>>> print(open('protein-v1.csv').read())   # CSV, C-alpha atoms and all ligand atoms
chain,number,residue,atom,x,y,z
A,26,MET,CA,6.8,22.9,-9.3
A,27,LYS,CA,10.0,21.9,-11.1
A,28,ILE,CA,11.3,19.8,-8.3
A,29,LEU,CA,8.2,17.6,-8.4
A,30,ASP,CA,8.7,17.0,-12.1
A,31,THR,CA,12.4,16.1,-11.5
A,32,ILE,CA,11.4,13.7,-8.7
A,33,SER,CA,8.9,12.0,-11.2
A,34,GLU,CA,11.6,11.8,-13.9
A,35,MET,CA,14.3,10.4,-11.6
A,36,LEU,CA,11.9,7.9,-10.2
A,37,GLN,CA,11.1,6.7,-13.7
A,38,LYS,CA,14.8,6.3,-14.4
A,39,GLY,CA,15.2,4.3,-11.2
A,40,LYS,CA,17.7,6.8,-9.7
A,41,ALA,CA,17.0,5.9,-6.1
A,42,ASP,CA,19.7,8.1,-4.5
A,43,GLU,CA,18.6,11.1,-6.6
A,44,VAL,CA,15.0,10.6,-5.6
A,45,LYS,CA,15.9,10.4,-1.9
A,46,LYS,CA,18.0,13.6,-2.2
A,47,LEU,CA,15.3,15.5,-4.1
A,48,VAL,CA,12.6,14.4,-1.7
A,49,GLN,CA,14.6,15.7,1.2
A,50,GLN,CA,15.3,18.9,-0.7
A,51,GLY,CA,11.5,19.3,-1.3
A,52,ILE,CA,10.8,18.9,2.4
A,53,ASP,CA,13.5,21.4,3.3
A,54,GLU,CA,12.0,23.8,0.8
A,55,GLY,CA,8.7,23.5,2.7
A,56,ILE,CA,6.7,21.3,0.2
A,57,ASN,CA,4.1,19.2,1.9
A,58,ALA,CA,4.9,15.5,2.1
A,59,LYS,CA,1.6,14.5,0.6
A,60,ILE,CA,2.2,16.8,-2.4
A,61,ILE,CA,5.7,15.2,-2.9
A,62,LEU,CA,4.2,11.8,-2.7
A,63,GLU,CA,1.3,12.4,-5.1
A,64,ASP,CA,2.5,15.0,-7.5
A,65,GLY,CA,6.1,13.7,-7.6
A,66,MET,CA,6.6,10.0,-6.9
A,67,MET,CA,3.1,8.6,-7.6
A,68,LYS,CA,2.9,10.7,-10.8
A,69,GLY,CA,6.2,9.1,-12.0
A,70,MET,CA,5.1,5.6,-11.0
A,71,ASN,CA,1.8,6.0,-12.9
A,72,ILE,CA,3.8,7.0,-16.0
A,73,ILE,CA,5.9,3.9,-15.6
A,74,GLY,CA,2.7,1.9,-15.2
A,75,VAL,CA,1.3,3.2,-18.6
A,76,LYS,CA,4.7,2.6,-20.3
A,77,PHE,CA,4.8,-0.9,-18.9
A,78,LYS,CA,1.3,-1.6,-20.2
A,79,ASN,CA,2.3,-0.4,-23.6
A,80,ASN,CA,5.5,-2.5,-23.6
A,81,GLU,CA,7.7,0.6,-23.7
A,82,VAL,CA,9.4,-0.5,-20.5
A,83,TYR,CA,9.8,-4.0,-19.0
A,84,VAL,CA,9.9,-5.6,-15.5
A,85,PRO,CA,13.6,-4.6,-14.8
A,86,GLU,CA,12.8,-0.9,-15.4
A,87,VAL,CA,9.7,-1.2,-13.2
A,88,LEU,CA,11.7,-2.9,-10.5
A,89,VAL,CA,14.3,-0.1,-10.3
A,90,ALA,CA,11.5,2.5,-10.3
A,91,ALA,CA,9.8,0.7,-7.5
A,92,ARG,CA,13.1,0.6,-5.6
A,93,ALA,CA,13.5,4.4,-6.1
A,94,MET,CA,9.9,4.9,-4.9
A,95,ASN,CA,10.6,2.9,-1.7
A,96,PHE,CA,13.7,5.0,-1.1
A,97,GLY,CA,11.6,8.1,-1.5
A,98,ILE,CA,8.9,6.8,0.8
A,99,GLU,CA,11.4,6.0,3.5
A,100,THR,CA,12.7,9.6,3.3
A,101,LEU,CA,9.1,10.9,3.5
A,102,LYS,CA,8.0,8.6,6.3
A,103,PRO,CA,8.9,10.9,9.3
A,104,TYR,CA,7.0,13.8,7.6
A,105,MET,CA,3.9,11.7,6.8
A,106,THR,CA,3.1,10.6,10.3
A,107,GLU,CA,1.4,12.5,13.0
A,108,HIS,CA,3.6,11.2,15.8
A,109,GLU,CA,0.8,10.0,17.9
A,110,ASN,CA,2.4,7.3,19.9
A,111,ILE,CA,-0.6,5.9,21.8
A,112,ALA,CA,-1.6,2.6,20.2
A,113,LYS,CA,-5.3,2.8,19.6
A,114,GLY,CA,-5.7,-0.6,18.0
A,115,LYS,CA,-4.1,-3.4,16.1
A,116,VAL,CA,-4.1,-4.1,12.3
A,117,VAL,CA,-2.7,-7.0,10.4
A,118,LEU,CA,-1.8,-6.2,6.8
A,119,GLY,CA,-0.7,-8.3,3.8
A,120,THR,CA,-0.7,-8.5,0.0
A,121,VAL,CA,-2.7,-11.5,-1.0
A,122,VAL,CA,-1.3,-14.8,-2.3
A,123,GLY,CA,0.2,-14.7,-5.8
A,124,ASP,CA,0.8,-10.9,-5.6
A,125,LEU,CA,4.2,-9.3,-5.0
A,126,HIS,CA,3.2,-5.6,-5.2
A,127,ASN,CA,3.9,-4.0,-1.8
A,128,ILE,CA,4.3,-0.2,-2.3
A,129,GLY,CA,0.7,0.6,-1.7
A,130,LYS,CA,0.5,-1.7,1.3
A,131,ASN,CA,3.6,-0.1,2.7
A,132,LEU,CA,2.1,3.3,2.4
A,133,VAL,CA,-1.1,2.1,4.2
A,134,LYS,CA,1.1,0.8,7.0
A,135,ILE,CA,3.0,4.1,7.3
A,136,MET,CA,-0.2,6.1,7.5
A,137,MET,CA,-1.8,3.7,10.0
A,138,GLU,CA,1.3,3.7,12.2
A,139,GLY,CA,1.3,7.5,12.0
A,140,LYS,CA,-2.1,7.5,13.6
A,141,GLY,CA,-0.8,5.4,16.5
A,142,LEU,CA,-2.1,2.0,15.4
A,143,GLU,CA,0.0,-1.1,15.8
A,144,VAL,CA,0.5,-2.7,12.4
A,145,ILE,CA,1.6,-6.3,11.9
A,146,ASP,CA,2.9,-6.6,8.3
A,147,LEU,CA,2.7,-10.1,6.9
A,148,GLY,CA,4.4,-9.0,3.7
A,149,VAL,CA,3.5,-10.1,0.2
A,150,ASP,CA,2.1,-13.4,-1.3
A,151,VAL,CA,0.2,-14.1,2.0
A,152,SER,CA,-1.8,-17.3,2.1
A,153,SER,CA,-5.2,-17.7,3.7
A,154,GLU,CA,-3.6,-19.9,6.4
A,155,LYS,CA,-1.1,-17.2,7.3
A,156,TYR,CA,-3.9,-14.6,7.7
A,157,ILE,CA,-5.8,-17.1,9.9
A,158,GLU,CA,-2.7,-17.7,12.1
A,159,ALA,CA,-2.1,-14.0,12.4
A,160,ILE,CA,-5.7,-13.4,13.5
A,161,LYS,CA,-5.4,-16.0,16.2
A,162,GLU,CA,-2.0,-14.9,17.3
A,163,HIS,CA,-2.4,-11.1,17.3
A,164,GLN,CA,-6.2,-10.7,17.7
A,165,PRO,CA,-6.3,-7.5,15.6
A,166,GLN,CA,-9.4,-5.3,15.3
A,167,ILE,CA,-8.8,-5.2,11.5
A,168,ILE,CA,-7.3,-7.5,8.9
A,169,GLY,CA,-6.3,-5.8,5.6
A,170,PHE,CA,-5.7,-7.3,2.2
A,171,SER,CA,-4.0,-5.5,-0.7
A,172,ALA,CA,-4.0,-6.7,-4.3
A,173,LEU,CA,-2.8,-5.0,-7.5
A,174,LEU,CA,-3.6,-7.6,-10.1
A,175,THR,CA,-7.1,-8.6,-11.3
A,176,THR,CA,-5.9,-12.2,-11.2
A,177,THR,CA,-4.9,-12.0,-7.5
A,178,MET,CA,-7.8,-9.7,-6.3
A,179,ILE,CA,-10.1,-12.8,-6.5
A,180,ASN,CA,-8.0,-14.4,-3.8
A,181,MET,CA,-9.5,-11.9,-1.4
A,182,GLU,CA,-12.8,-13.7,-1.6
A,183,LYS,CA,-11.1,-17.0,-0.7
A,184,VAL,CA,-9.5,-15.4,2.4
A,185,VAL,CA,-12.9,-14.1,3.5
A,186,ALA,CA,-14.4,-17.6,3.1
A,187,THR,CA,-11.5,-19.2,5.0
A,188,ILE,CA,-11.9,-16.7,7.9
A,189,LYS,CA,-15.6,-17.6,8.0
A,190,GLU,CA,-14.9,-21.3,8.0
A,191,ALA,CA,-12.4,-20.9,10.8
A,192,GLY,CA,-15.2,-19.3,12.9
A,193,LEU,CA,-13.2,-16.0,13.1
A,194,ARG,CA,-15.5,-13.7,11.0
A,195,ASP,CA,-17.1,-11.9,13.9
A,196,LYS,CA,-13.7,-11.3,15.5
A,197,VAL,CA,-12.3,-8.9,12.9
A,198,LYS,CA,-13.3,-6.2,10.4
A,199,ILE,CA,-12.0,-6.9,6.9
A,200,MET,CA,-10.5,-4.0,5.0
A,201,ILE,CA,-9.5,-4.3,1.3
A,202,GLY,CA,-7.7,-2.1,-1.2
A,203,GLY,CA,-5.5,-1.9,-4.2
A,204,ALA,CA,-5.8,-0.4,-7.7
A,205,PRO,CA,-8.3,-3.0,-9.2
A,206,VAL,CA,-10.4,-3.2,-6.0
A,207,THR,CA,-13.8,-1.4,-5.8
A,208,GLU,CA,-16.5,-0.7,-3.2
A,209,GLU,CA,-18.8,-3.0,-5.2
A,210,TYR,CA,-16.3,-5.8,-5.0
A,211,CYS,CA,-15.9,-5.3,-1.3
A,212,LYS,CA,-19.7,-5.8,-0.9
A,213,THR,CA,-19.7,-8.8,-3.2
A,214,ILE,CA,-17.1,-10.8,-1.3
A,215,GLY,CA,-18.5,-9.8,2.1
A,216,ALA,CA,-15.6,-7.7,3.3
A,217,ASP,CA,-16.4,-4.7,5.6
A,218,ILE,CA,-14.4,-1.7,4.4
A,219,TYR,CA,-13.0,-0.6,1.0
A,220,CYS,CA,-10.5,2.2,0.9
A,221,SER,CA,-9.1,3.7,-2.3
A,222,ASP,CA,-6.0,5.2,-0.7
A,223,ALA,CA,-3.7,5.0,2.2
A,224,ALA,CA,-4.9,8.1,4.1
A,225,SER,CA,-8.6,7.0,4.0
A,226,ALA,CA,-7.5,3.5,5.1
A,227,ALA,CA,-5.8,5.0,8.2
A,228,ASP,CA,-8.9,7.1,8.9
A,229,ALA,CA,-11.2,4.2,8.5
A,230,ALA,CA,-9.0,2.0,10.8
A,231,ILE,CA,-9.1,4.7,13.5
A,232,ASP,CA,-12.9,4.8,13.2
A,233,VAL,CA,-13.2,1.0,13.7
A,234,CYS,CA,-10.8,1.0,16.6
A,235,ALA,CA,-12.6,3.8,18.4
A,236,ASN,CA,-15.8,1.8,18.4
B,301,LIG,CO1,3.1,-4.7,-11.7
B,301,LIG,N1,1.4,-4.6,-12.6
B,301,LIG,N2,3.2,-6.6,-12.4
B,301,LIG,N3,4.9,-4.7,-10.9
B,301,LIG,N4,2.9,-2.9,-11.5
B,301,LIG,C1,0.6,-3.3,-12.4
B,301,LIG,C2,-0.3,-3.4,-11.1
B,301,LIG,C3,-0.2,-3.1,-13.7
B,301,LIG,C4,-1.5,-2.3,-13.6
B,301,LIG,C5,0.8,-2.5,-14.8
B,301,LIG,C6,0.1,-2.3,-16.1
B,301,LIG,O1,-0.1,-3.2,-16.9
B,301,LIG,N5,-0.3,-1.0,-16.4
B,301,LIG,C7,-0.4,-4.6,-14.1
B,301,LIG,C8,-1.7,-5.3,-13.6
B,301,LIG,C9,-2.7,-5.5,-14.7
B,301,LIG,C10,-3.9,-6.1,-14.1
B,301,LIG,O2,-4.0,-7.0,-13.3
B,301,LIG,N6,-5.0,-5.5,-14.5
B,301,LIG,C11,0.8,-5.3,-13.6
B,301,LIG,C12,1.4,-6.5,-14.0
B,301,LIG,C13,0.7,-7.2,-15.2
B,301,LIG,C14,2.5,-7.2,-13.4
B,301,LIG,C15,3.1,-8.5,-13.7
B,301,LIG,C16,2.1,-9.7,-14.0
B,301,LIG,C17,4.0,-8.3,-14.9
B,301,LIG,C18,4.8,-9.5,-15.4
B,301,LIG,O3,5.5,-10.1,-14.7
B,301,LIG,N7,4.5,-9.7,-16.7
B,301,LIG,C19,4.0,-8.8,-12.5
B,301,LIG,C20,3.2,-9.6,-11.4
B,301,LIG,C21,4.1,-10.0,-10.2
B,301,LIG,C22,3.2,-10.5,-9.1
B,301,LIG,O4,2.7,-9.8,-8.3
B,301,LIG,N8,3.1,-11.8,-9.0
B,301,LIG,C23,4.2,-7.4,-12.0
B,301,LIG,C24,5.4,-7.1,-11.3
B,301,LIG,C25,5.7,-5.8,-10.9
B,301,LIG,C26,7.0,-5.4,-10.2
B,301,LIG,C27,7.6,-6.5,-9.3
B,301,LIG,C28,8.0,-5.2,-11.3
B,301,LIG,C29,6.7,-4.0,-9.5
B,301,LIG,C30,6.2,-4.2,-8.0
B,301,LIG,C31,7.3,-3.8,-7.1
B,301,LIG,C32,6.8,-3.7,-5.7
B,301,LIG,O5,5.7,-3.5,-5.4
B,301,LIG,N9,7.8,-3.7,-4.8
B,301,LIG,C33,5.4,-3.6,-10.3
B,301,LIG,C34,4.9,-2.3,-10.3
B,301,LIG,C35,5.7,-1.2,-9.5
B,301,LIG,C36,3.6,-1.9,-10.9
B,301,LIG,C37,3.0,-0.5,-11.1
B,301,LIG,C38,3.8,0.1,-12.2
B,301,LIG,C39,3.0,0.4,-9.9
B,301,LIG,C40,2.2,-0.2,-8.7
B,301,LIG,C41,2.4,0.8,-7.5
B,301,LIG,O6,3.3,0.5,-6.7
B,301,LIG,N10,1.7,1.9,-7.5
B,301,LIG,C42,1.5,-0.9,-11.6
B,301,LIG,C43,0.9,0.1,-12.5
B,301,LIG,C44,0.1,1.1,-11.8
B,301,LIG,O7,-0.5,0.9,-10.7
B,301,LIG,N11,0.0,2.3,-12.3
B,301,LIG,C45,1.7,-2.3,-12.0
B,301,LIG,C46,1.8,2.9,-6.5
B,301,LIG,C47,1.0,2.6,-5.2
B,301,LIG,C48,1.2,3.7,-4.2
B,301,LIG,O8,-0.3,2.5,-5.6
B,301,LIG,O9,-0.4,0.0,-5.0
B,301,LIG,O10,-2.4,1.2,-6.1
B,301,LIG,P1,-1.3,1.3,-5.2
B,301,LIG,O11,-1.7,1.6,-3.7
B,301,LIG,C49,-2.6,2.7,-3.4
B,301,LIG,C50,-4.1,2.3,-3.4
B,301,LIG,O12,-4.4,1.3,-4.3
B,301,LIG,C51,-4.4,2.0,-1.9
B,301,LIG,O13,-3.5,2.8,-1.2
B,301,LIG,C52,-2.3,3.0,-1.9
B,301,LIG,C53,-1.8,4.4,-1.7
B,301,LIG,O14,-2.7,5.4,-1.7
B,301,LIG,N12,-4.2,0.6,-1.4
B,301,LIG,C54,-4.9,0.2,-0.3
B,301,LIG,C55,-3.3,-0.3,-1.7
B,301,LIG,N13,-3.5,-1.4,-0.9
B,301,LIG,C56,-4.4,-1.1,0.0
B,301,LIG,C57,-4.9,-1.8,1.0
B,301,LIG,C58,-6.0,-1.2,1.8
B,301,LIG,C59,-6.4,0.1,1.5
B,301,LIG,C60,-5.9,0.8,0.4
B,301,LIG,O15,-6.5,-1.8,2.9
B,301,LIG,C61,-6.0,-3.0,3.4
>>> encode(input="protein-v1.csv", output="structure tokens", more="lines below")
Ligand code: B1M
Amino acid sequence: MKILDTISEMLQKGKADEVKKLVQQGIDEGINAKIILEDGMMKGMNIIGVKFKNNEVYVPEVLVAARAMNFGIETLKPYMTEHENIAKGKVVLGTVVGDLHNIGKNLVKIMMEGKGLEVIDLGVDVSSEKYIEAIKEHQPQIIGFSALLTTTMINMEKVVATIKEAGLRDKVKIMIGGAPVTEEYCKTIGADIYCSDAASAADAAIDVCAN
């Protein structure tokens, strides 16, 4: 669909207002929110990722593309949720220490909230201590870590260890995700659930909270 290609192009150029307008237009034309997200915005962001890797674009360009993506996601938000307002459980989410990527985490949050879960978002660059405080304060069923860098992913293991040391391991299920994270890594570090995308993260969270 041409509009999806245009969304991808505008996102790559960092044209946030255009992306917002086109996303709304797509919705008005009856295109499914998931299709707009995956075949429009995420496609554009993946192209930026490859160009970034090949030094064809640099941090400023990636930043404006990320801003445009966040604008698009905000526009899509009402159409991605299921409007189930009964809170079925509580989840604490954060991107691990050293890591500033938040688009994936924000999507996980939107999908979980759409399923009626209460989500406490600790933001990015979250230290082990902050996670521990949040478990004590909010007593969530699930604590979720996101990481986009191979260099910060390893901090997930440290948070799991700190949760154990604090005597809180049996109080929460630990969910992890992010582009470099795998099911195998999840097992290795002693986390409970690995999810490759936001929709399966929300489904898995609902499963945990139902039991
Ligand atoms: Co960065 N960056 N970045 N970056 N960046 C990557 C990740 C990279 C792969 C680009 C590349 O080289 N091709 C590369 C990492 C290489 C590596 O470690 N192997 C990289 C690098 C190197 C860096 C810097 C080091 C660059 C530099 O400064 N020289 C730097 C690090 C800064 C830091 O964090 N300390 C950096 C900075 C940035 C920006 C700030 C410019 C910007 C982030 C802006 C922001 O987030 N607000 C940025 C961006 C945008 C990217 C790319 C292009 C896109 C990431 C993204 O948002 N994807 C990325 C390349 C790429 O991924 N193609 C890249 C879309 C998002 C929806 O996907 O986050 O994977 P994702 O989330 C998915 C799933 O993974 C999953 O669900 C989501 C939706 O389905 N998921 C979970 C995510 N978290 C989950 C948690 C769960 C469950 C599922 O449970 C709790």
>>> closest_atom_pairs(input="protein-v1.csv", of="chain A", to="ligand LIG 301 (chain B)", cutoff="7 Å", atoms="all atoms listed in the file", output="CSV")
residue,atom,partner,partner_atom,distance
A:Met67,CA,B:LIG301,C46,5.9
A:Met70,CA,B:LIG301,C39,5.7
A:Asn71,CA,B:LIG301,N11,4.2
A:Ile73,CA,B:LIG301,C38,5.5
A:Gly74,CA,B:LIG301,C38,3.7
A:Val75,CA,B:LIG301,N5,5.0
A:Phe77,CA,B:LIG301,C6,5.6
A:Lys78,CA,B:LIG301,O1,3.9
A:Val84,CA,B:LIG301,C28,4.6
A:Pro85,CA,B:LIG301,C28,6.6
A:Val87,CA,B:LIG301,C28,4.7
A:Leu88,CA,B:LIG301,C28,4.4
A:Ala90,CA,B:LIG301,C35,6.9
A:Ala91,CA,B:LIG301,C35,4.9
A:Arg92,CA,B:LIG301,N9,6.9
A:Leu118,CA,B:LIG301,C61,6.3
A:Gly123,CA,B:LIG301,N8,5.2
A:Asp124,CA,B:LIG301,O4,3.5
A:Leu125,CA,B:LIG301,O4,3.7
A:His126,CA,B:LIG301,O5,3.3
A:Asn127,CA,B:LIG301,O5,4.1
A:Ile128,CA,B:LIG301,O6,4.6
A:Gly129,CA,B:LIG301,O11,3.3
A:Lys130,CA,B:LIG301,N13,4.6
A:Leu132,CA,B:LIG301,C53,5.8
A:Val133,CA,B:LIG301,O13,6.0
A:Gly169,CA,B:LIG301,C61,3.6
A:Phe170,CA,B:LIG301,C61,4.5
A:Ser171,CA,B:LIG301,N13,4.1
A:Ala172,CA,B:LIG301,N13,6.3
A:Leu173,CA,B:LIG301,C2,4.7
A:Leu174,CA,B:LIG301,O2,3.3
A:Thr175,CA,B:LIG301,O2,4.0
A:Thr176,CA,B:LIG301,O2,5.9
A:Met200,CA,B:LIG301,C61,4.9
A:Ile201,CA,B:LIG301,O15,4.2
A:Gly202,CA,B:LIG301,C58,3.6
A:Gly203,CA,B:LIG301,O12,3.4
A:Ala204,CA,B:LIG301,O12,4.1
A:Pro205,CA,B:LIG301,N6,6.7
A:Tyr219,CA,B:LIG301,C59,6.7
A:Cys220,CA,B:LIG301,C59,4.6
A:Ser221,CA,B:LIG301,C51,5.0
A:Asp222,CA,B:LIG301,O14,3.5
A:Ala223,CA,B:LIG301,O14,4.0
A:Ala224,CA,B:LIG301,O14,6.8
A:Ala226,CA,B:LIG301,C59,5.1
>>> atom_distance(input="protein-v1.csv", atom1="CA of Thr120 in chain A", atom2="CA of Ala235 in chain A")
25.1 Å
>>> residues_near_point(input="protein-v1.csv", point="(-13.9, -1.2, 13.6)", cutoff="7 Å", atoms="only C-alpha atoms", output="list in words")
Gln166, Ile167, Lys198, Ala230, Asp232, Val233, Cys234 and Asn236 of chain A
>>> atom_distance(input="protein-v1.csv", atom1="CA of Lys59 in chain A", atom2="CA of Met94 in chain A")
13.8 Å
>>> closest_residue(input="protein-v1.csv", among="A:Lys76, A:Lys155, A:His163, A:Lys102", to="Glu138 in chain A", atoms="all atoms listed in the file")
A:Lys102
